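J.: Have a peek at input-v9.cif (mmCIF, C-alpha atoms).
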```
data_final
loop_
_atom_site.group_PDB
_atom_site.id
_atom_site.type_symbol
_atom_site.label_atom_id
_atom_site.label_comp_id
_atom_site.auth_asym_id
_atom_site.auth_seq_id
_atom_site.Cartn_x
_atom_site.Cartn_y
_atom_site.Cartn_z
ATOM 1 C CA MET A 1 206.940 112.106 119.061
ATOM 2 C CA PRO A 2 203.133 112.644 119.197
ATOM 3 C CA ARG A 3 201.999 116.231 118.833
ATOM 4 C CA LYS A 4 200.880 117.720 122.108
ATOM 5 C CA VAL A 5 197.220 118.695 122.161
ATOM 6 C CA VAL A 6 196.771 122.149 123.627
ATOM 7 C CA GLN A 7 193.866 122.439 126.011
ATOM 8 C CA GLY A 8 192.434 125.495 127.662
ATOM 9 C CA PRO A 9 189.640 128.046 127.612
ATOM 10 C CA ILE A 10 190.492 129.507 124.178
ATOM 11 C CA ARG A 11 190.648 126.113 122.452
ATOM 12 C CA ASP A 12 187.522 124.880 124.224
ATOM 13 C CA LYS A 13 185.628 128.064 123.348
ATOM 14 C CA GLU A 14 186.493 127.758 119.655
ATOM 15 C CA LYS A 15 185.484 124.081 119.561
ATOM 16 C CA THR A 16 182.193 124.925 121.258
ATOM 17 C CA LYS A 17 181.495 127.767 118.803
ATOM 18 C CA GLN A 18 182.150 125.478 115.844
ATOM 19 C CA LYS A 19 179.779 122.846 117.267
ATOM 20 C CA LEU A 20 177.065 125.471 117.735
ATOM 21 C CA LEU A 21 177.560 126.707 114.159
ATOM 22 C CA ALA A 22 177.429 123.121 112.895
ATOM 23 C CA ALA A 23 174.192 122.583 114.834
ATOM 24 C CA VAL A 24 172.617 125.527 112.985
ATOM 25 C CA GLY A 25 173.541 123.909 109.666
ATOM 26 C CA LYS A 26 172.190 120.512 110.680
ATOM 27 C CA ILE A 27 168.856 121.941 111.823
ATOM 28 C CA LEU A 28 168.564 124.106 108.712
ATOM 29 C CA ARG A 29 169.206 121.104 106.479
ATOM 30 C CA VAL A 30 166.775 118.761 108.259
ATOM 31 C CA LYS A 31 164.064 120.990 109.752
ATOM 32 C CA GLY A 32 164.424 124.217 107.785
ATOM 33 C CA TYR A 33 164.590 127.735 109.183
ATOM 34 C CA ALA A 34 161.502 127.180 111.345
ATOM 35 C CA GLY A 35 163.570 124.808 113.483
ATOM 36 C CA LEU A 36 166.210 127.381 114.403
ATOM 37 C CA LYS A 37 165.188 127.898 118.024
ATOM 38 C CA VAL A 38 167.712 128.553 120.772
ATOM 39 C CA SER A 39 166.779 125.448 122.774
ATOM 40 C CA LYS A 40 166.926 123.221 119.669
ATOM 41 C CA ILE A 41 170.306 124.567 118.579
ATOM 42 C CA ALA A 42 171.731 124.026 122.067
ATOM 43 C CA ALA A 43 170.308 120.496 122.255
ATOM 44 C CA VAL A 44 171.715 119.462 118.866
ATOM 45 C CA ALA A 45 175.127 120.901 119.783
ATOM 46 C CA GLY A 46 174.998 119.228 123.194
ATOM 47 C CA PHE A 47 175.502 122.411 125.242
ATOM 48 C CA ASP A 48 173.588 124.641 127.609
ATOM 49 C CA LYS A 49 171.850 127.428 125.681
ATOM 50 C CA LYS A 50 173.549 130.042 127.849
ATOM 51 C CA LEU A 51 176.733 129.392 125.867
ATOM 52 C CA ILE A 52 175.009 130.747 122.758
ATOM 53 C CA TYR A 53 174.519 134.084 124.529
ATOM 54 C CA GLU A 54 177.981 133.976 126.081
ATOM 55 C CA TYR A 55 179.854 133.271 122.833
ATOM 56 C CA PHE A 56 177.644 134.967 120.228
ATOM 57 C CA GLY A 57 175.499 137.460 122.135
ATOM 58 C CA SER A 58 172.200 136.174 120.743
ATOM 59 C CA THR A 59 170.664 133.453 118.598
ATOM 60 C CA ASP A 60 170.379 135.890 115.683
ATOM 61 C CA LYS A 61 174.090 136.659 115.835
ATOM 62 C CA LEU A 62 174.890 132.939 115.882
ATOM 63 C CA ILE A 63 172.686 132.367 112.826
ATOM 64 C CA ASP A 64 174.158 135.454 111.122
ATOM 65 C CA GLU A 65 177.683 134.113 111.578
ATOM 66 C CA TYR A 66 176.611 130.746 110.192
ATOM 67 C CA ILE A 67 174.992 132.319 107.124
ATOM 68 C CA ARG A 68 178.086 134.415 106.417
ATOM 69 C CA SER A 69 180.243 131.299 106.660
ATOM 70 C CA GLN A 70 178.154 129.603 103.958
ATOM 71 C CA ASP A 71 177.491 132.522 101.609
ATOM 72 C CA TYR A 72 180.026 132.763 98.792
ATOM 73 C CA TRP A 73 179.415 136.421 97.973
ATOM 74 C CA SER A 74 179.999 137.481 101.584
ATOM 75 C CA LYS A 75 183.547 136.110 101.250
ATOM 76 C CA PHE A 76 184.100 137.379 97.705
ATOM 77 C CA SER A 77 186.936 139.930 97.842
ATOM 78 C CA PRO A 78 188.583 140.745 94.502
ATOM 79 C CA ASP A 79 191.683 142.943 94.416
ATOM 80 C CA ILE A 80 190.074 146.242 93.408
ATOM 81 C CA GLU A 81 193.338 147.974 92.463
ATOM 82 C CA GLU A 82 194.372 145.070 90.246
ATOM 83 C CA GLU A 83 190.937 144.976 88.605
ATOM 84 C CA ILE A 84 191.117 148.699 87.876
ATOM 85 C CA GLN A 85 194.494 148.331 86.223
ATOM 86 C CA VAL A 86 194.208 144.934 84.549
ATOM 87 C CA GLY A 87 191.021 142.898 84.784
ATOM 88 C CA LYS A 88 188.377 145.653 84.567
ATOM 89 C CA GLY A 89 186.194 143.340 86.666
ATOM 90 C CA LYS A 90 185.674 140.757 83.941
ATOM 91 C CA ASP A 91 187.555 137.808 85.430
ATOM 92 C CA ALA A 92 186.443 138.611 88.982
ATOM 93 C CA LEU A 93 182.766 138.744 88.019
ATOM 94 C CA THR A 94 182.957 135.661 85.817
ATOM 95 C CA GLN A 95 184.718 133.551 88.429
ATOM 96 C CA GLY A 96 182.512 134.877 91.226
ATOM 97 C CA ILE A 97 179.299 133.932 89.420
ATOM 98 C CA LEU A 98 180.622 130.526 88.336
ATOM 99 C CA MET A 99 181.800 129.734 91.866
ATOM 100 C CA GLN A 100 178.402 130.690 93.278
ATOM 101 C CA PHE A 101 176.775 128.447 90.662
ATOM 102 C CA GLU A 102 178.779 125.459 91.906
ATOM 103 C CA SER A 103 178.553 126.413 95.570
ATOM 104 C CA LEU A 104 174.754 126.444 95.432
ATOM 105 C CA LYS A 105 174.633 122.996 93.885
ATOM 106 C CA LYS A 106 176.757 121.419 96.621
ATOM 107 C CA ASN A 107 175.558 123.355 99.651
ATOM 108 C CA LYS A 108 172.063 122.285 100.710
ATOM 109 C CA GLU A 109 172.151 124.631 103.682
ATOM 110 C CA LEU A 110 172.840 127.598 101.387
ATOM 111 C CA GLN A 111 169.858 126.563 99.258
ATOM 112 C CA LYS A 112 167.709 126.674 102.404
ATOM 113 C CA ILE A 113 169.091 130.119 103.242
ATOM 114 C CA ILE A 114 168.187 131.481 99.791
ATOM 115 C CA LEU A 115 164.652 130.087 100.120
ATOM 116 C CA TRP A 116 164.417 131.638 103.577
ATOM 117 C CA GLU A 117 165.427 135.021 102.141
ATOM 118 C CA LEU A 118 162.674 134.762 99.549
ATOM 119 C CA SER A 119 159.914 133.769 101.958
ATOM 120 C CA GLU A 120 160.446 135.888 105.077
ATOM 121 C CA SER A 121 161.399 139.444 105.973
ATOM 122 C CA LYS A 122 163.799 139.428 108.900
ATOM 123 C CA PRO A 123 166.593 141.797 109.997
ATOM 124 C CA ILE A 124 169.078 138.929 110.040
ATOM 125 C CA LEU A 125 168.366 138.192 106.361
ATOM 126 C CA LYS A 126 168.371 141.853 105.341
ATOM 127 C CA ASN A 127 171.795 142.114 106.954
ATOM 128 C CA ILE A 128 173.302 139.350 104.815
ATOM 129 C CA LEU A 129 171.681 140.804 101.685
ATOM 130 C CA LYS A 130 173.247 144.186 102.473
ATOM 131 C CA GLN A 131 176.643 142.538 102.895
ATOM 132 C CA ARG A 132 176.324 140.981 99.437
ATOM 133 C CA GLU A 133 175.293 144.301 97.921
ATOM 134 C CA ASP A 134 178.206 146.070 99.612
ATOM 135 C CA VAL A 135 180.663 143.604 98.072
ATOM 136 C CA ALA A 136 179.144 144.091 94.622
ATOM 137 C CA ALA A 137 178.908 147.884 95.018
ATOM 138 C CA ASN A 138 182.639 148.102 95.705
ATOM 139 C CA LEU A 139 183.397 146.362 92.413
ATOM 140 C CA PHE A 140 180.731 148.230 90.428
ATOM 141 C CA GLU A 141 181.490 151.732 91.677
ATOM 142 C CA ASN A 142 185.270 151.469 91.472
ATOM 143 C CA VAL A 143 185.788 149.184 88.473
ATOM 144 C CA THR A 144 182.934 148.410 86.092
ATOM 145 C CA ASP A 145 180.995 151.707 86.257
ATOM 146 C CA PRO A 146 184.033 153.840 85.301
ATOM 147 C CA TYR A 147 185.024 151.300 82.630
ATOM 148 C CA PHE A 148 181.612 151.058 80.925
ATOM 149 C CA GLY A 149 180.553 154.677 81.429
ATOM 150 C CA GLU A 150 177.068 155.313 80.025
ATOM 151 C CA ASN A 151 176.519 151.549 79.615
ATOM 152 C CA ALA A 152 177.256 150.792 83.269
ATOM 153 C CA THR A 153 173.575 150.365 84.179
ATOM 154 C CA SER A 154 173.064 147.891 81.319
ATOM 155 C CA VAL A 155 175.999 145.840 82.593
ATOM 156 C CA ARG A 156 174.549 145.815 86.104
ATOM 157 C CA ALA A 157 171.186 144.671 84.699
ATOM 158 C CA MET A 158 172.896 141.869 82.767
ATOM 159 C CA LEU A 159 174.722 140.696 85.882
ATOM 160 C CA ALA A 160 171.475 140.831 87.879
ATOM 161 C CA LEU A 161 169.779 138.534 85.364
ATOM 162 C CA VAL A 162 172.737 136.146 85.273
ATOM 163 C CA ALA A 163 173.000 136.002 89.076
ATOM 164 C CA ALA A 164 169.237 135.464 89.429
ATOM 165 C CA GLY A 165 169.452 132.628 86.908
ATOM 166 C CA VAL A 166 172.279 131.053 88.899
ATOM 167 C CA TYR A 167 170.066 131.004 91.995
ATOM 168 C CA TYR A 168 166.947 129.698 90.276
ATOM 169 C CA LEU A 169 168.648 127.048 88.155
ATOM 170 C CA ASN A 170 170.056 125.508 91.339
ATOM 171 C CA LEU A 171 166.912 125.797 93.458
ATOM 172 C CA PHE A 172 164.523 124.483 90.798
ATOM 173 C CA PRO A 173 166.071 121.011 90.344
ATOM 174 C CA ALA A 174 166.738 120.733 94.064
ATOM 175 C CA TYR A 175 163.017 120.860 94.821
ATOM 176 C CA ASN A 176 160.690 120.531 91.841
ATOM 177 C CA GLY A 177 162.210 119.003 88.755
ATOM 178 C CA THR A 178 165.221 118.227 86.646
ATOM 179 C CA GLU A 179 164.789 120.091 83.358
ATOM 180 C CA PHE A 180 164.479 123.787 82.642
ATOM 181 C CA CYS A 181 164.092 124.873 79.000
ATOM 182 C CA GLY A 182 164.953 121.312 78.085
ATOM 183 C CA ILE A 183 168.299 121.388 79.894
ATOM 184 C CA ASP A 184 168.752 118.802 82.631
ATOM 185 C CA MET A 185 170.275 120.745 85.512
ATOM 186 C CA ARG A 186 171.200 117.569 87.380
ATOM 187 C CA THR A 187 173.665 116.441 84.737
ATOM 188 C CA ASP A 188 177.246 117.581 84.265
ATOM 189 C CA GLU A 189 176.478 118.221 80.604
ATOM 190 C CA GLY A 190 173.536 120.501 81.355
ATOM 191 C CA ARG A 191 175.432 122.479 83.977
ATOM 192 C CA ALA A 192 178.476 122.793 81.728
ATOM 193 C CA GLU A 193 176.297 124.297 78.989
ATOM 194 C CA VAL A 194 174.905 126.896 81.390
ATOM 195 C CA LYS A 195 178.379 127.812 82.635
ATOM 196 C CA LYS A 196 179.623 128.159 79.054
ATOM 197 C CA VAL A 197 176.802 130.579 78.238
ATOM 198 C CA ILE A 198 177.432 132.617 81.417
ATOM 199 C CA VAL A 199 181.003 133.163 80.225
ATOM 200 C CA GLU A 200 179.798 134.031 76.718
ATOM 201 C CA ILE A 201 177.271 136.598 77.997
ATOM 202 C CA ILE A 202 179.849 138.396 80.137
ATOM 203 C CA ASP A 203 182.389 138.272 77.280
ATOM 204 C CA TYR A 204 179.818 139.760 74.914
ATOM 205 C CA PHE A 205 179.115 142.729 77.179
ATOM 206 C CA TYR A 206 182.817 143.427 77.647
ATOM 207 C CA GLU A 207 183.326 143.290 73.863
ATOM 208 C CA THR A 208 180.311 145.357 72.811
ATOM 209 C CA LYS A 209 179.386 147.742 75.646
ATOM 210 C CA LYS A 210 182.748 149.447 76.185
#
```
Could you express the structure from this file as structure tokens?
T.:
Amino acid sequence: MPRKVVQGPIRDKEKTKQKLLAAVGKILRVKGYAGLKVSKIAAVAGFDKKLIYEYFGSTDKLIDEYIRSQDYWSKFSPDIEEEIQVGKGKDALTQGILMQFESLKKNKELQKIILWELSESKPILKNILKQREDVAANLFENVTDPYFGENATSVRAMLALVAAGVYYLNLFPAYNGTEFCGIDMRTDEGRAEVKKVIVEIIDYFYETKK
């Protein structure tokens, strides 16, 4: 027997919200952040712009929800108690950085968002940056800082360099070239080498800085 399709205001509202969020992604991918105007978003989604205000409150809140849906670190939520007892943050940090590395390669909209963050100062972008920092701060303050003690700041600096490299090594080949330090970042072999070294760097700090 065919499954009955449930109709109604709640279902219709959710479908409309998803279409509006998808419209943000399409515009960002094709036109860049300069194209994210309320009338353009509504037109691409095929709805009246008043629905943006009705369902999200404002264009900025719609864009904020879209960015959070794409940003890996905003959804990164390791089990802090388990990390304190067992992992000491090592596996969570390693997997988080590696997943962001792959996420950035595949997600062209996220690449646009990172470029937007680097080129403009806007409350909506500062908000997402704060969310990322809050996620990291929870892990640092409760897990890695107590574990590494006086070397905690060095570990944070190492992770900052690794994370920055993850961003740049994905943005560079996406826009300006293929090789960086002689490593072709568009090949599986080149990317695998970078991921291997990320693991080795984090392993080294956990072995030598404790």
J.: Taking into account only C-alpha atoms, which residue in the set A:Leu21, A:Ile80, A:Ile27, A:Ala45 is nearest to Glu65 of chain A?
T.: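 Of the candidates, the smallest distance to Glu65 of chain A is held by A:Leu21.
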J.: Ranking A:Asn142, A:Asn176, A:Ser74, A:Ser69 by minimum distance to Gln18 of chain A and counting all atoms listed in the file, which one comes first?
T.: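 For Gln18 of chain A, the nearest of the given residues is A:Ser69.
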J.: Which residue out of A:Ala42, A:Tyr147, A:Lys195, A:Val24 has the minimum interatomic distance to Ile84 of chain A when only C-alpha atoms are used?
T.: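 Answer, going by the shortest atom-to-atom distance: A:Tyr147.
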J.: Can you list, as an MDAnalysis selection string, every protein, DNA or RNA residue that comes within 12 Å of Phe180 of chain A when you count all atoms listed in the file, leaving out same-chain residues fewer than 2 positions away?
T.: chainID A and resid 165 168:173 176:178 182:187 190:191 194
J.: I'd like the interatomic distance between atom CA of Leu93 of chain A and atom CA of Asp134 of chain A, to a tenth of an Å.
T.: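 Distance between the two atoms: 14.5 Å.
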J.: Selected by the PyMOL selection byres ((chain A and resi 72) around 9) in the shown coordinates: which residues, as a compact mmCIF listing (two decimals) with C-alpha atoms, in the frame of the given file?
T.:
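Just written: out_6.txt:
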```txt
# COMPACT_ATOMS: atom_id res chain seq x y z
CA ARG A 68 178.09 134.42 106.42
CA SER A 69 180.24 131.30 106.66
CA GLN A 70 178.15 129.60 103.96
CA ASP A 71 177.49 132.52 101.61
CA TRP A 73 179.42 136.42 97.97
CA SER A 74 180.00 137.48 101.58
CA LYS A 75 183.55 136.11 101.25
CA PHE A 76 184.10 137.38 97.70
CA GLY A 96 182.51 134.88 91.23
CA MET A 99 181.80 129.73 91.87
CA GLN A 100 178.40 130.69 93.28
CA SER A 103 178.55 126.41 95.57
CA LEU A 104 174.75 126.44 95.43
```
J.: Neighbours of Thr144 of chain A within 10 Å (all atoms listed in the file; same-chain residues fewer than 2 positions away dropped), as a PyMOL selection string?
T.: chain A and resi 83-84+87-90+93+137-142+146-149+151-153+155-156+206+210
